file structure_31.cif (mmCIF, C-alpha atoms)
data_final
#
loop_
_atom_site.label_atom_id
_atom_site.label_comp_id
_atom_site.auth_asym_id
_atom_site.auth_seq_id
_atom_site.Cartn_x
_atom_site.Cartn_y
_atom_site.Cartn_z
CA MET A 21 62.21 36.17 62.69
CA ALA A 22 65.64 35.57 61.19
CA ALA A 23 68.28 38.30 61.01
CA TRP A 24 67.48 41.40 58.98
CA ASP A 25 69.79 42.24 56.08
CA PRO A 26 70.58 45.97 56.13
CA SER A 27 72.08 45.80 52.63
CA GLN A 28 68.85 44.39 51.14
CA TYR A 29 66.75 47.07 52.84
CA LEU A 30 69.11 49.86 51.79
CA LYS A 31 68.97 48.93 48.09
CA PHE A 32 66.11 51.45 47.96
CA ALA A 33 67.38 53.84 50.62
CA GLY A 34 66.45 56.95 48.63
CA PRO A 35 62.77 56.15 47.98
CA ARG A 36 62.36 54.73 51.50
CA ALA A 37 63.76 57.95 53.01
CA ARG A 38 61.39 60.32 51.23
CA PRO A 39 58.36 59.61 53.49
CA ALA A 40 60.60 60.14 56.52
CA LEU A 41 61.56 63.57 55.22
CA ASP A 42 57.92 64.45 54.55
CA LEU A 43 57.03 63.41 58.09
CA LEU A 44 59.96 65.30 59.59
CA ASN A 45 58.95 68.47 57.77
CA ARG A 46 55.57 68.41 59.55
CA VAL A 47 57.06 68.24 63.06
CA GLU A 48 56.93 71.69 64.63
CA LEU A 49 59.43 71.58 67.49
CA ASP A 50 62.07 74.26 67.96
CA SER A 51 64.50 72.76 70.46
CA PRO A 52 63.50 69.32 71.72
CA GLY A 53 65.72 67.83 74.40
CA ALA A 54 64.99 64.09 74.10
CA VAL A 55 64.36 62.65 70.63
CA PHE A 56 63.78 58.94 69.97
CA ASP A 57 63.68 57.22 66.58
CA LEU A 58 61.59 54.05 66.98
CA GLY A 59 62.54 51.38 64.47
CA CYS A 60 65.69 53.23 63.47
CA GLY A 61 67.00 50.47 61.20
CA ALA A 62 70.43 51.32 59.83
CA GLY A 63 70.22 54.84 61.26
CA ASN A 64 69.74 56.89 58.10
CA VAL A 65 66.65 58.68 59.38
CA THR A 66 68.03 58.99 62.92
CA ARG A 67 70.90 61.04 61.51
CA MET A 68 68.37 63.34 59.81
CA LEU A 69 66.85 63.96 63.24
CA ALA A 70 70.27 64.68 64.71
CA ARG A 71 71.07 67.15 61.92
CA ARG A 72 67.75 68.94 62.38
CA TRP A 73 68.21 69.26 66.17
CA PRO A 74 71.96 69.12 66.84
CA GLU A 75 71.52 70.09 70.51
CA ALA A 76 69.07 67.26 71.23
CA ALA A 77 69.90 63.93 72.85
CA VAL A 78 68.98 61.60 69.96
CA THR A 79 68.44 57.86 70.47
CA GLY A 80 67.80 55.23 67.80
CA VAL A 81 65.90 52.12 68.90
CA ASP A 82 65.50 48.93 66.87
CA GLY A 83 64.81 45.27 67.55
CA SER A 84 67.36 43.99 65.01
CA ALA A 85 70.91 43.45 66.24
CA GLU A 86 72.14 43.62 62.63
CA MET A 87 70.46 46.96 62.00
CA VAL A 88 71.70 48.46 65.26
CA ALA A 89 75.24 47.30 64.51
CA ARG A 90 75.07 48.92 61.07
CA ALA A 91 73.73 52.14 62.61
CA ARG A 92 76.34 52.20 65.36
CA ALA A 93 79.14 51.76 62.82
CA GLY A 94 78.12 55.07 61.26
CA GLY A 95 78.92 57.01 64.45
CA GLY A 96 77.43 60.48 64.73
CA GLY A 97 77.11 61.06 68.47
CA ILE A 98 73.80 59.18 68.63
CA THR A 99 72.81 56.61 71.26
CA TRP A 100 71.80 53.27 69.74
CA VAL A 101 69.61 50.79 71.62
CA GLN A 102 68.52 47.29 70.67
CA ALA A 103 65.08 46.67 72.17
CA ASP A 104 61.68 45.16 71.42
CA LEU A 105 59.50 48.14 70.47
CA ALA A 106 56.39 46.37 71.74
CA ARG A 107 57.79 46.57 75.29
CA TRP A 108 60.20 49.51 75.11
CA ASP A 109 59.67 52.69 77.08
CA PRO A 110 61.84 55.82 76.93
CA PRO A 111 64.10 56.21 79.96
CA ARG A 112 62.62 59.67 80.46
CA ALA A 113 59.71 61.64 79.07
CA ALA A 114 60.25 62.37 75.38
CA ASP A 115 59.94 65.58 73.41
CA LEU A 116 59.66 63.61 70.16
CA LEU A 117 58.82 59.99 69.45
CA PHE A 118 59.47 59.57 65.72
CA SER A 119 58.83 56.35 63.81
CA ASN A 120 59.25 55.81 60.09
CA ALA A 121 57.98 52.50 58.66
CA ALA A 122 58.27 50.45 61.85
CA LEU A 123 55.12 50.35 63.98
CA HIS A 124 53.17 48.35 61.39
CA TRP A 125 55.24 45.35 62.53
CA LEU A 126 53.54 45.53 65.94
CA ASP A 127 50.05 44.38 66.87
CA GLY A 128 47.65 46.02 69.29
CA HIS A 129 47.78 49.59 67.99
CA GLU A 130 44.72 50.53 70.03
CA ALA A 131 46.90 50.15 73.14
CA LEU A 132 50.30 50.98 71.62
CA PHE A 133 49.54 54.44 70.26
CA PRO A 134 47.94 55.86 73.43
CA ARG A 135 50.80 54.35 75.45
CA LEU A 136 53.39 56.11 73.31
CA ALA A 137 51.48 59.38 73.48
CA GLY A 138 51.51 59.02 77.24
CA ARG A 139 55.32 58.91 77.26
CA LEU A 140 55.61 62.47 75.92
CA ARG A 141 56.35 65.61 77.86
CA PRO A 142 53.62 68.28 77.72
CA GLY A 143 54.03 69.81 74.26
CA GLY A 144 55.77 66.71 72.93
CA VAL A 145 55.04 65.12 69.56
CA LEU A 146 54.35 61.60 68.35
CA ALA A 147 55.19 61.43 64.61
CA VAL A 148 54.54 58.17 62.77
CA GLN A 149 54.63 56.93 59.18
CA MET A 150 53.45 53.44 58.26
CA PRO A 151 52.98 51.64 54.93
CA ARG A 152 49.33 51.16 54.00
CA ASN A 153 49.72 49.42 50.66
CA TYR A 154 48.07 46.18 51.71
CA ALA A 155 45.23 46.32 49.16
CA GLU A 156 47.70 46.69 46.28
CA PRO A 157 49.39 43.92 44.24
CA SER A 158 52.71 44.29 46.09
CA HIS A 159 50.95 42.71 49.06
CA THR A 160 47.93 40.89 47.66
CA CYS A 161 50.27 38.87 45.44
CA MET A 162 52.02 37.66 48.60
CA ALA A 163 48.75 36.30 49.92
CA GLU A 164 47.99 34.66 46.58
CA ALA A 165 51.42 33.05 46.40
CA ALA A 166 51.11 31.91 50.02
CA GLU A 167 47.84 30.16 49.15
CA ALA A 168 49.24 28.55 46.01
CA GLY A 169 51.58 25.88 47.35
CA PRO A 170 52.27 23.23 49.97
CA TRP A 171 53.54 25.97 52.30
CA ARG A 172 50.00 27.37 52.71
CA ALA A 173 49.42 26.38 56.36
CA ARG A 174 52.86 27.49 57.51
CA LEU A 175 52.66 30.90 55.85
CA ALA A 176 49.14 31.55 57.13
CA ALA A 177 50.68 31.97 60.60
CA VAL A 178 52.96 34.84 59.50
CA LEU A 179 50.89 36.51 56.78
CA ARG A 180 49.69 39.89 58.09
CA LEU A 181 46.98 41.06 55.72
CA ARG A 182 46.06 44.46 57.23
CA PRO A 183 48.36 45.42 60.12
CA VAL A 184 47.60 49.15 59.72
CA ALA A 185 44.12 50.46 60.52
CA SER A 186 42.17 53.25 58.83
CA PRO A 187 42.95 56.94 59.41
CA GLU A 188 39.66 57.18 61.30
CA ALA A 189 40.78 54.48 63.73
CA TYR A 190 43.97 56.37 64.62
CA TYR A 191 41.96 59.55 65.06
CA ASP A 192 39.77 57.78 67.62
CA MET A 193 42.86 56.44 69.42
CA LEU A 194 44.69 59.75 69.67
CA ALA A 195 42.16 62.60 69.55
CA PRO A 196 41.32 62.34 73.28
CA LEU A 197 45.04 62.70 74.12
CA ALA A 198 46.28 65.21 71.55
CA ARG A 199 46.27 68.99 71.62
CA THR A 200 46.52 68.96 67.81
CA LEU A 201 46.29 66.00 65.46
CA ASP A 202 47.26 65.77 61.78
CA ILE A 203 46.56 62.58 59.79
CA TRP A 204 47.04 62.17 56.04
CA GLU A 205 47.91 59.64 53.35
CA THR A 206 50.25 59.95 50.38
CA VAL A 207 50.68 57.63 47.41
CA TYR A 208 54.27 57.77 46.15
CA THR A 209 54.97 56.59 42.61
CA HIS A 210 58.48 55.20 42.83
CA LEU A 211 60.45 54.89 39.60
CA LEU A 212 62.45 51.69 40.00
CA GLU A 213 65.16 50.21 37.81
CA GLY A 214 66.30 46.63 37.31
CA GLU A 215 64.75 43.23 36.72
CA ASN A 216 61.53 42.90 38.75
CA PRO A 217 62.55 45.56 41.29
CA VAL A 218 59.27 45.35 43.24
CA VAL A 219 60.30 41.86 44.33
CA GLU A 220 63.67 43.20 45.47
CA TRP A 221 61.86 46.00 47.36
CA THR A 222 59.54 43.64 49.24
CA ARG A 223 62.35 41.15 49.97
CA GLY A 224 63.78 43.84 52.24
CA SER A 225 60.49 44.39 54.06
CA ALA A 226 57.06 42.71 53.88
CA LEU A 227 58.16 39.56 52.04
CA LYS A 228 60.94 38.74 54.49
CA PRO A 229 58.87 37.05 57.25
CA LEU A 230 57.34 34.73 54.68
CA LEU A 231 60.72 33.77 53.24
CA ASP A 232 62.04 33.17 56.75
CA ALA A 233 59.16 30.78 57.48
CA LEU A 234 59.91 28.58 54.44
CA GLU A 235 62.28 25.66 54.17
CA ASP A 236 65.36 26.29 52.05
CA ASP A 237 64.07 24.06 49.26
CA GLU A 238 60.68 25.83 49.20
CA ARG A 239 61.88 29.41 48.76
CA PRO A 240 62.67 29.24 45.01
CA ALA A 241 59.19 27.91 44.16
CA PHE A 242 57.45 30.45 46.38
CA LEU A 243 59.50 33.31 44.96
CA ALA A 244 58.66 32.12 41.44
CA GLU A 245 54.93 32.20 42.30
CA TYR A 246 55.21 35.69 43.71
CA THR A 247 57.52 36.99 40.97
CA THR A 248 55.22 35.88 38.16
CA ARG A 249 52.30 37.75 39.72
CA ILE A 250 54.37 40.86 40.41
CA ARG A 251 55.76 40.97 36.87
CA THR A 252 52.20 41.10 35.54
CA ALA A 253 51.02 43.67 38.08
CA TYR A 254 54.03 45.99 37.66
CA PRO A 255 55.30 45.65 34.08
CA ARG A 256 58.48 47.38 32.97
CA ARG A 257 57.91 50.40 30.75
CA GLY A 258 59.50 50.73 27.34
CA ASP A 259 62.47 52.59 28.82
CA GLY A 260 63.09 49.84 31.41
CA THR A 261 61.52 51.70 34.36
CA THR A 262 59.00 50.04 36.67
CA LEU A 263 56.39 52.33 38.26
CA PHE A 264 55.60 51.31 41.84
CA PRO A 265 52.75 53.24 43.51
CA PHE A 266 52.94 52.93 47.30
CA ARG A 267 50.45 54.29 49.86
CA ARG A 268 51.64 55.52 53.28
CA LEU A 269 49.80 56.79 56.35
CA PHE A 270 51.15 59.73 58.39
CA ILE A 271 50.23 60.80 61.91
CA VAL A 272 51.51 63.83 63.84
CA ALA A 273 50.02 64.15 67.31
CA ALA A 274 51.10 67.07 69.48
CA CYS A 275 50.16 66.33 73.07
#
call {"tool": "encode", "arguments": {"input": "structure_31.cif", "output": "structure tokens"}}
result
Amino acid sequence: MAAWDPSQYLKFAGPRARPALDLLNRVELDSPGAVFDLGCGAGNVTRMLARRWPEAAVTGVDGSAEMVARARAGGGGITWVQADLARWDPPRAADLLFSNAALHWLDGHEALFPRLAGRLRPGGVLAVQMPRNYAEPSHTCMAEAAEAGPWRARLAAVLRLRPVASPEAYYDMLAPLARTLDIWETVYTHLLEGENPVVEWTRGSALKPLLDALEDDERPAFLAEYTTRIRTAYPRRGDGTTLFPFRRLFIVAAC
């Protein structure tokens, strides 16, 4: 995957941060010692963790050199680590493994989630939020656009139709390991401004791997295919606002 663009992702920093706050508010830890933010991106959420637990040793981990550099530039007394989350392990047992909108990029959740739970101290917490909007036009339109042009075969290799399982599946993964387990879903209705803002949103996340897989001369045509579909699915209201419903899955496992 080509380099991530922190500026593109942070165009919607406010709406993207709200699920992280909702997840953080459900973590019941008084004074954790070792806190890790998995998929920390530009570090916005990691700093929330550091403000909540100022005495904790807080570490942000991300696979993108660009994101880690952006996070490190913000300072804050936090340790920043560039690492592949699929292979990363905490250097010591963790009191909190927190992940906001990152683990859906990884395959093999049936092994990943129990492995992470196993890296917690007794009484530690695994807290995860992942997008689960894959049945909605924001994502189905990607699949349709991928099928609609000469890029079809190339994009089939990177198109991830349902990388997040059902709530029941995560219950089965974690219930044998957790002392308490809380799983829920929330649909946020984001009020977005600008010309076709849903396209700008997905360009900073789910659409990016597809754009990276295309040749330079193919991207405009693919984007036009996707944009036309998105404009129909998410029309601008009379006041210029675009309503963007987005489903997210939350898991808090205290082990």
call {"tool": "resolve_selection", "arguments": {"input": "structure_31.cif", "expression": "the PyMOL selection byres ((chain A and resi 84-93) around 9)", "output": "list in words"}}
result
Ala23, Trp24, Asp25, Pro26, Gly59, Cys60, Gly61, Ala62, Gly63, Asn64, Thr66, Gly80, Val81, Asp82, Gly83, Gly94, Gly95, Gly96, Ile98, Thr99, Trp100, Val101, Gln102, Ala103 and Asp104 of chain A
call {"tool": "closest_atom_pairs", "arguments": {"input": "structure_31.cif", "of": "stretch 86-197 of chain A", "to": "stretch 237-260 of chain A", "cutoff": "8 Å", "atoms": "all atoms listed in the file", "output": "JSON lines"}}
result
{"residue": "A:Pro157", "atom": "CA", "partner": "A:Ala253", "partner_atom": "CA", "distance": 6.4}
{"residue": "A:Ser158", "atom": "CA", "partner": "A:Ile250", "partner_atom": "CA", "distance": 6.8}
{"residue": "A:Cys161", "atom": "CA", "partner": "A:Tyr246", "partner_atom": "CA", "distance": 6.1}
{"residue": "A:Met162", "atom": "CA", "partner": "A:Tyr246", "partner_atom": "CA", "distance": 6.2}
{"residue": "A:Glu164", "atom": "CA", "partner": "A:Tyr246", "partner_atom": "CA", "distance": 7.8}
{"residue": "A:Ala165", "atom": "CA", "partner": "A:Tyr246", "partner_atom": "CA", "distance": 5.3}
{"residue": "A:Ala166", "atom": "CA", "partner": "A:Phe242", "partner_atom": "CA", "distance": 7.5}
{"residue": "A:Ala168", "atom": "CA", "partner": "A:Glu245", "partner_atom": "CA", "distance": 7.7}
{"residue": "A:Gly169", "atom": "CA", "partner": "A:Phe242", "partner_atom": "CA", "distance": 7.5}
{"residue": "A:Trp171", "atom": "CA", "partner": "A:Glu238", "partner_atom": "CA", "distance": 7.8}
call {"tool": "resolve_selection", "arguments": {"input": "structure_31.cif", "expression": "the PyMOL selection byres ((chain A and resi 200-213) around 8)", "output": "list of chain:residue names"}}
result
A:Pro35, A:Pro187, A:Tyr191, A:Leu194, A:Ala195, A:Ala198, A:Arg199, A:Gly214, A:Glu215, A:Pro217, A:Val218, A:Gly260, A:Thr261, A:Thr262, A:Leu263, A:Phe264, A:Pro265, A:Phe266, A:Arg267, A:Arg268, A:Leu269, A:Phe270, A:Ile271, A:Val272, A:Ala273, A:Ala274, A:Cys275
call {"tool": "residues_around", "arguments": {"input": "structure_31.cif", "residues": "A:Arg72", "least_positions_apart": "2", "cutoff": "12 Å", "atoms": "all atoms listed in the file", "output": "list in words"}}
result
Leu41, Leu44, Asn45, Val47, Glu48, Leu49, Asp50, Ser51, Pro52, Val55, Val65, Thr66, Arg67, Met68, Leu69, Ala70, Pro74, Glu75, Ala76, Ala77 and Val78 of chain A
call {"tool": "residues_around", "arguments": {"input": "structure_31.cif", "residues": "A:Asn120", "least_positions_apart": "3", "cutoff": "9 Å", "atoms": "only C-alpha atoms", "output": "list in words"}}
result
Ala37, Pro39, Ala40, Leu43, Asp57, Leu58, Gly59, Cys60, Val65, Leu123, Ala147, Val148, Gln149 and Met150 of chain A
call {"tool": "atom_distance", "arguments": {"input": "structure_31.cif", "atom1": "atom CA of A:Arg38", "atom2": "atom CA of A:Phe56"}}
result
18.9 Å
call {"tool": "closest_residue", "arguments": {"input": "structure_31.cif", "among": "A:Arg46, A:Arg36, A:His159, A:Arg71", "to": "A:Thr222", "atoms": "all atoms listed in the file"}}
result
A:His159
